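Structure file target.tsv with TSV, C-alpha atoms and all ligand atoms:
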chain	number	residue	atom	x	y	z
A	117	MET	CA	95.59	-0.66	55.85
A	118	ALA	CA	96.72	-4.19	56.83
A	119	PRO	CA	100.37	-4.33	57.99
A	120	ILE	CA	102.68	-4.62	55.02
A	121	GLU	CA	104.30	-8.07	54.83
A	122	ILE	CA	107.92	-8.18	53.66
A	123	PRO	CA	109.11	-11.66	52.61
A	124	ASN	CA	111.99	-13.03	54.74
A	125	ALA	CA	114.15	-13.43	51.62
A	126	VAL	CA	113.86	-9.67	50.98
A	127	ILE	CA	114.61	-8.83	54.62
A	128	ASP	CA	117.71	-11.04	54.44
A	129	ALA	CA	118.79	-9.35	51.20
A	130	LEU	CA	118.46	-5.95	52.89
A	131	ARG	CA	120.37	-7.02	56.01
A	132	HIS	CA	123.23	-8.53	53.96
A	133	ALA	CA	123.36	-5.78	51.33
A	134	ARG	CA	126.69	-3.95	50.94
A	135	HIS	CA	125.17	-1.37	48.57
A	136	ILE	CA	121.55	-0.23	48.38
A	137	ALA	CA	120.52	2.12	45.56
A	138	VAL	CA	117.21	3.97	45.44
A	139	LEU	CA	115.41	5.81	42.62
A	140	THR	CA	112.65	8.20	43.72
A	141	GLY	CA	110.04	10.09	41.74
A	142	ALA	CA	107.36	12.62	42.56
A	143	GLY	CA	105.29	10.03	44.47
A	144	VAL	CA	107.72	10.05	47.41
A	145	SER	CA	106.83	13.73	47.99
A	146	ALA	CA	103.06	13.26	47.54
A	147	GLU	CA	102.48	12.70	51.29
A	148	SER	CA	104.30	15.97	51.95
A	149	GLY	CA	101.58	17.70	49.96
A	150	VAL	CA	103.58	18.18	46.75
A	151	PRO	CA	101.34	17.17	43.80
A	152	THR	CA	102.99	14.54	41.60
A	153	PHE	CA	104.28	15.62	38.22
A	154	ARG	CA	101.36	14.08	36.36
A	155	ASP	CA	98.65	15.02	38.86
A	156	ALA	CA	96.27	17.51	37.34
A	157	GLN	CA	97.78	20.94	37.78
A	158	THR	CA	95.68	23.20	39.98
A	159	GLY	CA	94.41	26.74	39.76
A	160	LEU	CA	95.75	29.01	37.06
A	161	TRP	CA	98.23	26.35	36.01
A	162	SER	CA	95.47	23.81	35.27
A	163	LYS	CA	95.37	24.90	31.63
A	164	PHE	CA	99.05	24.08	31.11
A	165	ASN	CA	100.58	20.65	30.40
A	166	PRO	CA	103.69	20.35	32.63
A	167	GLN	CA	105.47	18.37	29.96
A	168	GLU	CA	105.11	21.31	27.57
A	169	LEU	CA	106.03	23.96	30.14
A	170	ALA	CA	109.18	22.11	31.27
A	171	THR	CA	111.05	22.74	28.01
A	172	ARG	CA	113.66	25.17	26.66
A	173	GLU	CA	111.29	26.08	23.85
A	174	ALA	CA	108.52	27.10	26.28
A	175	PHE	CA	110.97	29.29	28.20
A	176	ALA	CA	112.30	30.91	25.02
A	177	ARG	CA	108.72	31.53	23.87
A	178	ASN	CA	107.39	32.82	27.20
A	179	PRO	CA	110.09	33.21	29.85
A	180	LYS	CA	107.79	35.07	32.25
A	181	VAL	CA	105.13	32.30	32.36
A	182	VAL	CA	107.70	29.53	32.79
A	183	TRP	CA	109.64	31.45	35.47
A	184	GLU	CA	106.39	32.15	37.36
A	185	TRP	CA	105.34	28.47	37.16
A	186	TYR	CA	108.61	27.52	38.85
A	187	ALA	CA	108.33	30.39	41.35
A	188	TYR	CA	104.86	29.07	42.29
A	189	ARG	CA	106.19	25.49	42.68
A	190	ARG	CA	109.27	26.73	44.61
A	191	ALA	CA	107.08	28.67	47.04
A	192	ARG	CA	104.88	25.60	47.52
A	193	VAL	CA	107.90	23.42	48.27
A	194	GLU	CA	109.26	25.94	50.82
A	195	HIS	CA	106.06	25.43	52.84
A	196	VAL	CA	106.06	21.63	52.99
A	197	ALA	CA	108.13	19.21	55.08
A	198	PRO	CA	109.71	15.85	54.38
A	199	ASN	CA	107.41	12.92	55.20
A	200	ALA	CA	108.02	9.56	56.92
A	201	GLY	CA	109.13	8.06	53.61
A	202	HIS	CA	111.94	10.63	53.21
A	203	TYR	CA	113.02	10.04	56.82
A	204	ALA	CA	112.96	6.26	56.39
A	205	LEU	CA	115.37	6.57	53.45
A	206	ALA	CA	117.67	8.77	55.55
A	207	GLU	CA	117.56	6.06	58.27
A	208	MET	CA	118.21	3.31	55.72
A	209	GLU	CA	121.36	5.15	54.58
A	210	LYS	CA	122.79	4.74	58.12
A	211	ARG	CA	122.17	1.00	58.08
A	212	VAL	CA	124.25	-0.04	55.06
A	213	ALA	CA	127.88	0.34	54.01
A	214	GLN	CA	127.06	2.07	50.71
A	215	PHE	CA	123.83	3.91	49.90
A	216	THR	CA	123.00	5.85	46.73
A	217	LEU	CA	119.83	7.95	46.53
A	218	ILE	CA	119.00	8.85	42.93
A	219	THR	CA	116.11	11.30	42.67
A	220	GLN	CA	114.13	12.67	39.76
A	221	ASN	CA	112.61	15.19	42.15
A	222	ILE	CA	113.68	18.82	42.20
A	223	ASP	CA	112.11	19.70	45.59
A	224	GLY	CA	115.16	19.18	47.84
A	225	LEU	CA	113.10	17.21	50.41
A	226	HIS	CA	115.54	14.26	50.62
A	227	GLU	CA	118.34	16.58	51.72
A	228	ARG	CA	116.05	18.26	54.26
A	229	ALA	CA	115.20	14.81	55.67
A	230	GLY	CA	118.90	14.08	56.27
A	231	SER	CA	119.83	11.94	53.26
A	232	ARG	CA	123.45	12.52	52.27
A	233	ASN	CA	124.55	10.66	49.14
A	234	ILE	CA	121.99	12.17	46.77
A	235	ILE	CA	122.15	12.25	42.96
A	236	GLU	CA	119.78	14.92	41.60
A	237	LEU	CA	119.10	13.65	38.07
A	238	HIS	CA	116.78	16.51	37.13
A	239	GLY	CA	118.31	19.42	39.07
A	240	ASN	CA	116.88	21.45	41.94
A	241	ILE	CA	114.08	24.03	41.86
A	242	ARG	CA	115.82	26.06	44.57
A	243	ARG	CA	118.75	26.87	42.25
A	244	ALA	CA	118.84	29.08	39.13
A	245	LYS	CA	121.30	29.37	36.24
A	246	CYS	CA	121.94	31.71	33.33
A	247	PHE	CA	119.83	30.80	30.27
A	248	ALA	CA	122.63	32.00	27.96
A	249	GLU	CA	125.77	30.80	29.76
A	250	ASP	CA	124.20	27.69	31.39
A	251	VAL	CA	126.15	28.51	34.56
A	252	PRO	CA	124.47	28.38	38.01
A	253	VAL	CA	124.09	31.57	40.07
A	254	ALA	CA	124.33	31.33	43.87
A	255	ARG	CA	121.49	33.80	44.38
A	256	TRP	CA	119.51	36.29	42.37
A	257	ILE	CA	118.07	39.75	43.09
A	258	ASP	CA	114.29	39.92	42.98
A	259	ASP	CA	114.19	43.45	41.51
A	260	GLY	CA	110.77	43.00	39.98
A	261	GLN	CA	112.14	41.84	36.62
A	262	ILE	CA	110.56	38.46	35.73
A	263	PRO	CA	112.61	36.40	34.99
A	264	PRO	CA	115.50	38.01	36.93
A	265	ARG	CA	118.66	38.72	34.95
A	266	CYS	CA	122.08	37.03	35.15
A	267	PRO	CA	124.40	39.25	37.27
A	268	ARG	CA	127.28	38.43	34.90
A	269	CYS	CA	125.86	38.85	31.40
A	270	GLY	CA	122.34	40.24	31.84
A	271	ALA	CA	120.58	37.33	30.09
A	272	TYR	CA	117.48	35.75	31.65
A	273	LEU	CA	117.92	33.40	34.60
A	274	ARG	CA	116.17	30.02	34.39
A	275	PRO	CA	115.52	27.28	36.96
A	276	ASP	CA	118.51	24.93	37.39
A	277	VAL	CA	116.42	21.90	36.38
A	278	VAL	CA	116.64	19.48	33.43
A	279	TRP	CA	113.89	20.17	30.92
A	280	PHE	CA	112.43	17.65	28.47
A	281	GLY	CA	114.73	17.42	25.49
A	282	GLU	CA	117.78	18.44	27.59
A	283	MET	CA	120.63	16.10	28.50
A	284	LEU	CA	120.93	15.11	32.14
A	285	PRO	CA	124.11	16.22	33.97
A	286	PRO	CA	126.65	13.63	32.66
A	287	SER	CA	128.33	13.03	36.04
A	288	ALA	CA	124.96	12.51	37.75
A	289	LEU	CA	123.77	10.12	35.05
A	290	ASP	CA	127.03	8.14	35.09
A	291	ALA	CA	126.88	7.81	38.88
A	292	ALA	CA	123.24	6.69	38.72
A	293	PHE	CA	123.95	4.03	36.09
A	294	ARG	CA	127.01	2.84	38.05
A	295	ALA	CA	124.91	2.49	41.21
A	296	ALA	CA	122.20	0.51	39.40
A	297	GLN	CA	124.87	-1.78	37.91
A	298	THR	CA	126.67	-2.49	41.19
A	299	CYS	CA	124.05	-2.45	43.97
A	300	ASP	CA	122.74	-5.53	45.80
A	301	VAL	CA	119.25	-4.09	46.38
A	302	PHE	CA	117.50	-1.41	44.26
A	303	PHE	CA	114.31	0.46	45.23
A	304	SER	CA	112.10	2.20	42.67
A	305	ILE	CA	109.84	4.49	44.69
A	306	GLY	CA	107.01	6.79	43.63
A	307	THR	CA	107.75	6.96	39.95
A	308	SER	CA	105.48	6.19	37.01
A	309	GLY	CA	108.51	4.91	35.12
A	310	VAL	CA	107.74	7.00	32.05
A	311	VAL	CA	110.59	9.49	31.87
A	312	GLU	CA	113.88	8.35	30.36
A	313	PRO	CA	116.70	7.79	31.05
A	314	ALA	CA	115.70	7.42	34.75
A	315	ALA	CA	113.05	4.79	33.89
A	316	SER	CA	115.79	2.43	32.64
A	317	LEU	CA	117.56	2.26	36.01
A	318	PRO	CA	115.38	-0.41	37.71
A	319	PHE	CA	115.72	-2.68	34.65
A	320	LEU	CA	119.49	-2.16	34.73
A	321	ALA	CA	119.57	-3.17	38.38
A	322	LEU	CA	117.56	-6.32	37.59
A	323	ARG	CA	120.04	-7.21	34.83
A	324	ASN	CA	122.86	-6.75	37.33
A	325	GLY	CA	121.21	-9.39	39.56
A	326	ALA	CA	119.99	-7.00	42.26
A	327	VAL	CA	116.85	-7.57	44.32
A	328	VAL	CA	114.52	-4.81	43.02
A	329	ILE	CA	111.69	-3.53	45.21
A	330	GLU	CA	109.05	-1.19	43.78
A	331	VAL	CA	107.03	1.02	46.14
A	332	ASN	CA	103.97	2.54	44.45
A	333	PRO	CA	100.23	2.29	45.22
A	334	ASP	CA	99.70	1.91	41.47
A	335	ALA	CA	101.16	-0.48	38.92
A	336	THR	CA	103.80	0.82	36.49
A	337	PRO	CA	105.52	-0.62	33.38
A	338	PHE	CA	108.14	-2.05	35.77
A	339	SER	CA	105.80	-3.70	38.29
A	340	ALA	CA	105.63	-7.09	36.57
A	341	SER	CA	109.46	-7.31	36.57
A	342	ALA	CA	110.02	-6.25	40.18
A	343	THR	CA	111.26	-8.80	42.73
A	344	LEU	CA	108.66	-7.31	45.09
A	345	HIS	CA	105.99	-4.64	44.47
A	346	LEU	CA	104.75	-2.97	47.67
A	347	ALA	CA	101.42	-1.49	46.57
A	348	ALA	CA	101.33	1.15	49.29
A	349	PRO	CA	102.22	4.81	49.83
A	350	SER	CA	105.94	5.26	50.45
A	351	GLY	CA	105.26	7.11	53.71
A	352	ILE	CA	103.80	3.86	55.07
A	353	ALA	CA	105.82	1.21	53.20
A	354	LEU	CA	109.34	2.60	53.77
A	355	PRO	CA	109.19	2.91	57.58
A	356	ARG	CA	107.80	-0.65	57.58
A	357	VAL	CA	110.73	-1.90	55.44
A	358	VAL	CA	113.28	-0.24	57.74
A	359	GLU	CA	111.47	-1.56	60.82
A	360	CYS	CA	111.37	-5.16	59.51
A	361	ALA	CA	114.97	-5.15	58.32
A	362	TRP	CA	116.78	-3.13	60.99
A	363	THR	CA	114.91	-1.29	63.65
A	364	ALA	CA	112.01	-3.09	65.20
A	365	ASP	CA	112.69	-1.05	68.34
A	366	VAL	CA	112.97	2.49	66.91
A	367	ARG	CA	110.08	4.94	67.25
A	368	TRP	CA	109.80	7.33	64.28
A	369	ASN	CA	110.38	10.98	65.00
A	370	THR	CA	109.16	12.60	61.77
A	371	ALA	CA	109.46	16.05	63.30
A	372	ARG	CA	113.22	15.77	62.87
A	373	GLU	CA	114.45	18.29	60.27
A	374	SER	CA	118.14	18.19	59.46
A	375	GLY	CA	120.29	21.10	58.30
B	1	LIG	C1	116.97	13.16	27.66
B	1	LIG	C2	112.42	18.55	35.89
B	1	LIG	C3	118.44	12.96	25.80
B	1	LIG	C4	111.54	19.65	35.36
B	1	LIG	C5	111.76	16.53	34.68
B	1	LIG	C6	110.88	9.12	23.35
B	1	LIG	C7	110.14	10.08	22.70
B	1	LIG	C8	110.26	11.43	23.00
B	1	LIG	C9	111.12	11.87	23.97
B	1	LIG	C10	111.82	10.88	24.60
B	1	LIG	C11	111.76	9.54	24.32
B	1	LIG	N1	112.61	8.87	25.13
B	1	LIG	C12	113.22	9.76	25.92
B	1	LIG	C13	112.73	10.97	25.60
B	1	LIG	C14	113.01	12.21	26.12
B	1	LIG	C15	112.29	12.52	27.42
B	1	LIG	C16	111.26	11.55	27.94
B	1	LIG	O1	111.58	10.63	28.69
B	1	LIG	N2	110.02	11.76	27.59
B	1	LIG	C17	108.97	10.88	28.08
B	1	LIG	C18	107.80	11.72	28.59
B	1	LIG	C19	108.63	9.93	26.98
B	1	LIG	N3	113.38	12.58	28.35
B	1	LIG	C20	114.11	13.69	28.34
B	1	LIG	O2	113.91	14.65	27.61
B	1	LIG	C21	115.29	13.68	29.30
B	1	LIG	N4	116.46	14.03	28.55
B	1	LIG	O3	116.52	12.05	27.49
B	1	LIG	O4	118.03	13.69	26.94
B	1	LIG	C22	117.35	13.14	24.75
B	1	LIG	C23	116.98	14.42	24.39
B	1	LIG	C24	115.98	14.57	23.39
B	1	LIG	C25	115.34	13.46	22.83
B	1	LIG	C26	115.71	12.17	23.24
B	1	LIG	C27	116.71	12.02	24.21
B	1	LIG	C28	115.07	14.74	30.37
B	1	LIG	C29	113.93	14.29	31.27
B	1	LIG	C30	113.86	15.24	32.49
B	1	LIG	C31	112.60	16.07	32.42
B	1	LIG	N5	112.48	16.87	33.65
B	1	LIG	N6	111.72	17.27	35.79
B	1	LIG	C32	110.34	19.88	36.23
B	1	LIG	O5	110.09	19.12	37.20
B	1	LIG	O6	109.63	20.88	35.94
B	1	LIG	S1	110.94	15.08	34.61
B	1	LIG	C33	109.60	15.11	35.65
B	1	LIG	O7	109.00	13.82	35.48
B	1	LIG	C34	109.89	15.18	37.14
B	1	LIG	O8	111.26	15.23	37.46
B	1	LIG	C35	109.32	13.86	37.64
B	1	LIG	O9	109.95	13.38	38.75
B	1	LIG	C36	109.62	13.04	36.46
B	1	LIG	C37	109.12	11.67	36.34
B	1	LIG	O10	107.82	11.62	36.78
B	1	LIG	P1	107.56	10.85	38.15
B	1	LIG	O11	108.54	11.31	39.17
B	1	LIG	O12	107.52	9.41	37.86
B	1	LIG	O13	106.18	11.45	38.57
B	1	LIG	P2	104.76	11.00	38.04
B	1	LIG	O14	103.80	12.06	38.48
B	1	LIG	O15	104.85	10.60	36.60
B	1	LIG	O16	104.46	9.64	38.83
B	1	LIG	C38	104.32	9.66	40.24
B	1	LIG	C39	104.13	8.23	40.66
B	1	LIG	O17	104.05	8.19	42.07
B	1	LIG	C40	102.85	7.59	40.12
B	1	LIG	O18	103.15	6.30	39.62
B	1	LIG	C41	101.96	7.48	41.37
B	1	LIG	O19	101.18	6.30	41.32
B	1	LIG	C42	102.98	7.36	42.47
B	1	LIG	N7	102.54	7.80	43.79
B	1	LIG	C43	101.58	8.71	44.09
B	1	LIG	N8	101.50	8.86	45.44
B	1	LIG	C44	102.45	8.02	45.98
B	1	LIG	C45	103.11	7.36	44.93
B	1	LIG	N9	104.10	6.47	45.13
B	1	LIG	C46	104.45	6.22	46.42
B	1	LIG	N10	103.87	6.82	47.48
B	1	LIG	C47	102.87	7.72	47.29
B	1	LIG	N11	102.29	8.31	48.36

Produce structure tokens that represent the structure in this file.
Amino acid sequence: MAPIEIPNAVIDALRHARHIAVLTGAGVSAESGVPTFRDAQTGLWSKFNPQELATREAFARNPKVVWEWYAYRRARVEHVAPNAGHYALAEMEKRVAQFTLITQNIDGLHERAGSRNIIELHGNIRRAKCFAEDVPVARWIDDGQIPPRCPRCGAYLRPDVVWFGEMLPPSALDAAFRAAQTCDVFFSIGTSGVVEPAASLPFLALRNGAVVIEVNPDATPFSASATLHLAAPSGIALPRVVECAWTADVRWNTARESG
């Protein structure tokens, strides 16, 4: 792949930015080996449509299947590592006064790469909560019951993620909208821009006058509006952006795992 060219105006905007906000989707984890949300599901899950499984109705109808789908995805995520794109975002956070990382992903890879100011719009697959009380549980006992039961009330546990048709955590959504409305530069990385309300954030940033950079090998409904569309994988594009804007002399150590 030819070296990615970043226009000087964009490099200047990055270097002078007080606040950089970033929205990531499943594409940022693709190079870690985590299939994107709309990639064809593999194996026994290939017959299921993720959009139908990731709903309260599906869980109520078949809690065991939905719990096992998340258990399969959770196990897969435990065995992957952040990629150079995750690490580049953690590096970018050190280079600017204010940095907000808004993620639709539930895999926890940004935190493992060292990012700090993270807004998890859609929850986290590594946490569970009570299906009846809607209250998170710190841990659960794998006593063979699938799904496991809430230690407080005995109802089913469910993944602590936001399903289709469910409201996003209000504080997370407010913080994400505030960041899009006040940042100087906004990145939209590895998202197909289909799922609302996250898909509105890049447009909000544009309306606020921010420079908006999209990183996605494919075009999306936002691409034509972006200030700059880097048609490349985030694991290649993001280190290049950080290198051009801040660290021409740094060598990337992707083996670094924080925490
Ligand atoms: C809500 C957690 C109020 C679970 C997820 C109109 C009609 C009907 C419904 C709606 C509507 N408008 C809004 C809605 C409701 C719905 C929605 O948006 N539906 C869509 C499908 C139309 N939204 C909701 O229900 C939200 N709640 O709005 O509440 C409400 C309630 C009811 C009715 C109206 C309003 C809740 C949404 C949250 C759903 N939960 N995840 C789980 O994961 O199991 S969303 C799920 O999709 C994942 O979080 C995923 O991140 C997210 C978005 O997908 P992407 O991240 O973009 O992933 P995708 O695979 O699509 O794309 C990957 C991209 O990466 C591609 O473009 C690819 O080219 C690119 N890529 C690939 N490799 C790379 C790469 N990019 C860079 N580098 C690479 N190497």

Fill in the blank from the handout: Between CA of Val193 in chain A and CA of Val150 in chain A lies a distance of 7.0 Å

Problem - 6 Å shell around ligand LIG 1 (chain B) using all atoms listed in the file, listed as a PyMOL selection string - result: chain A and resi 141-144+146-147+152-155+170+220-221+238+277-284+305-313+331-334+349-350

Handout entry: Selection near range 352-360 of chain A, 6 Å with all atoms listed in the file, sequence-local residues under 3 positions removed, as JSON, numbers by chain
Key = {"A": [201, 204, 348, 349, 363, 364]}

For the interface of range 273-314 of chain A with range 125-136 of chain A (cut-off 8 Å, counting only C-alpha atoms), please tabulate each contacting residue of range 273-314 of chain A alongside its nearest pair of atoms and their separation in Å to one decimal, rows sorted by chain and increasing number, as CSV.
residue,atom,partner,partner_atom,distance
A:Thr298,CA,A:His135,CA,7.6
A:Cys299,CA,A:His135,CA,4.9
A:Asp300,CA,A:His135,CA,5.6
A:Val301,CA,A:Ile136,CA,4.9
A:Phe302,CA,A:Ile136,CA,5.9
A:Phe303,CA,A:Ile136,CA,7.9

Residues as selected, C-alpha atoms, written as an mmCIF file, in the frame of the given file, can you do that?
data_model
loop_
_atom_site.group_PDB
_atom_site.id
_atom_site.type_symbol
_atom_site.label_atom_id
_atom_site.label_comp_id
_atom_site.auth_asym_id
_atom_site.auth_seq_id
_atom_site.Cartn_x
_atom_site.Cartn_y
_atom_site.Cartn_z
ATOM 1 C CA THR A 298 126.670 -2.490 41.190
ATOM 2 C CA CYS A 299 124.050 -2.450 43.970
ATOM 3 C CA ASP A 300 122.740 -5.530 45.800
ATOM 4 C CA VAL A 301 119.250 -4.090 46.380
ATOM 5 C CA PHE A 302 117.500 -1.410 44.260
ATOM 6 C CA PHE A 303 114.310 0.460 45.230
#

Exercise for the section: Using CA of Lys210 in chain A and CA of Gly224 in chain A as the two end points, give the distance in Å to one decimal. Expected result: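 Separating CA of Lys210 in chain A from CA of Gly224 in chain A is a distance of 19.3 Å.
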
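Among the candidate residues A:Arg228, A:Arg189, A:His202, A:Arg172, the one lying nearest to Ala248 in chain A is A:Arg172, with distances computed using all atoms listed in the file.
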
Problem - Computed interatomic separation between CA of Phe319 in chain A and CA of Ala347 in chain A (Å) - result: 18.7 Å

Exercise for the section: List the neighbours of Ser341 in chain A out to 12 Å using only C-alpha atoms; skip same-chain residues closer than 6 positions along the sequence, and give me the result as a list of chain:residue names. Expected result: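 Using only C-alpha atoms, the neighbours found are A:Ser304, A:Pro318, A:Phe319, A:Leu320, A:Ala321, A:Leu322, A:Arg323, A:Ala326, A:Val327, A:Val328, A:Ile329, A:Glu330, A:Ala335.
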
Practice task
May I have the residues within 7 Å of Gly239 in chain A as a ChimeraX atom specification, using only C-alpha atoms and disregarding those fewer than 2 positions away in the same chain?
Solution key: /A:222,236-237,241,276-278

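Between Phe164 in chain A and the candidates A:Leu205, A:Val182, A:Leu289, A:Val251, the tightest atom-to-atom separation, counting all atoms listed in the file, involves A:Val182.
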
Problem - Polymer residues at most 10 Å from range 271-273 of chain A, only C-alpha atoms, same-chain spacing of 2 or more positions, as a VMD selection string - result: chain A and resid 175 to 176 179 to 180 183 244 to 253 256 261 to 269 275 to 276
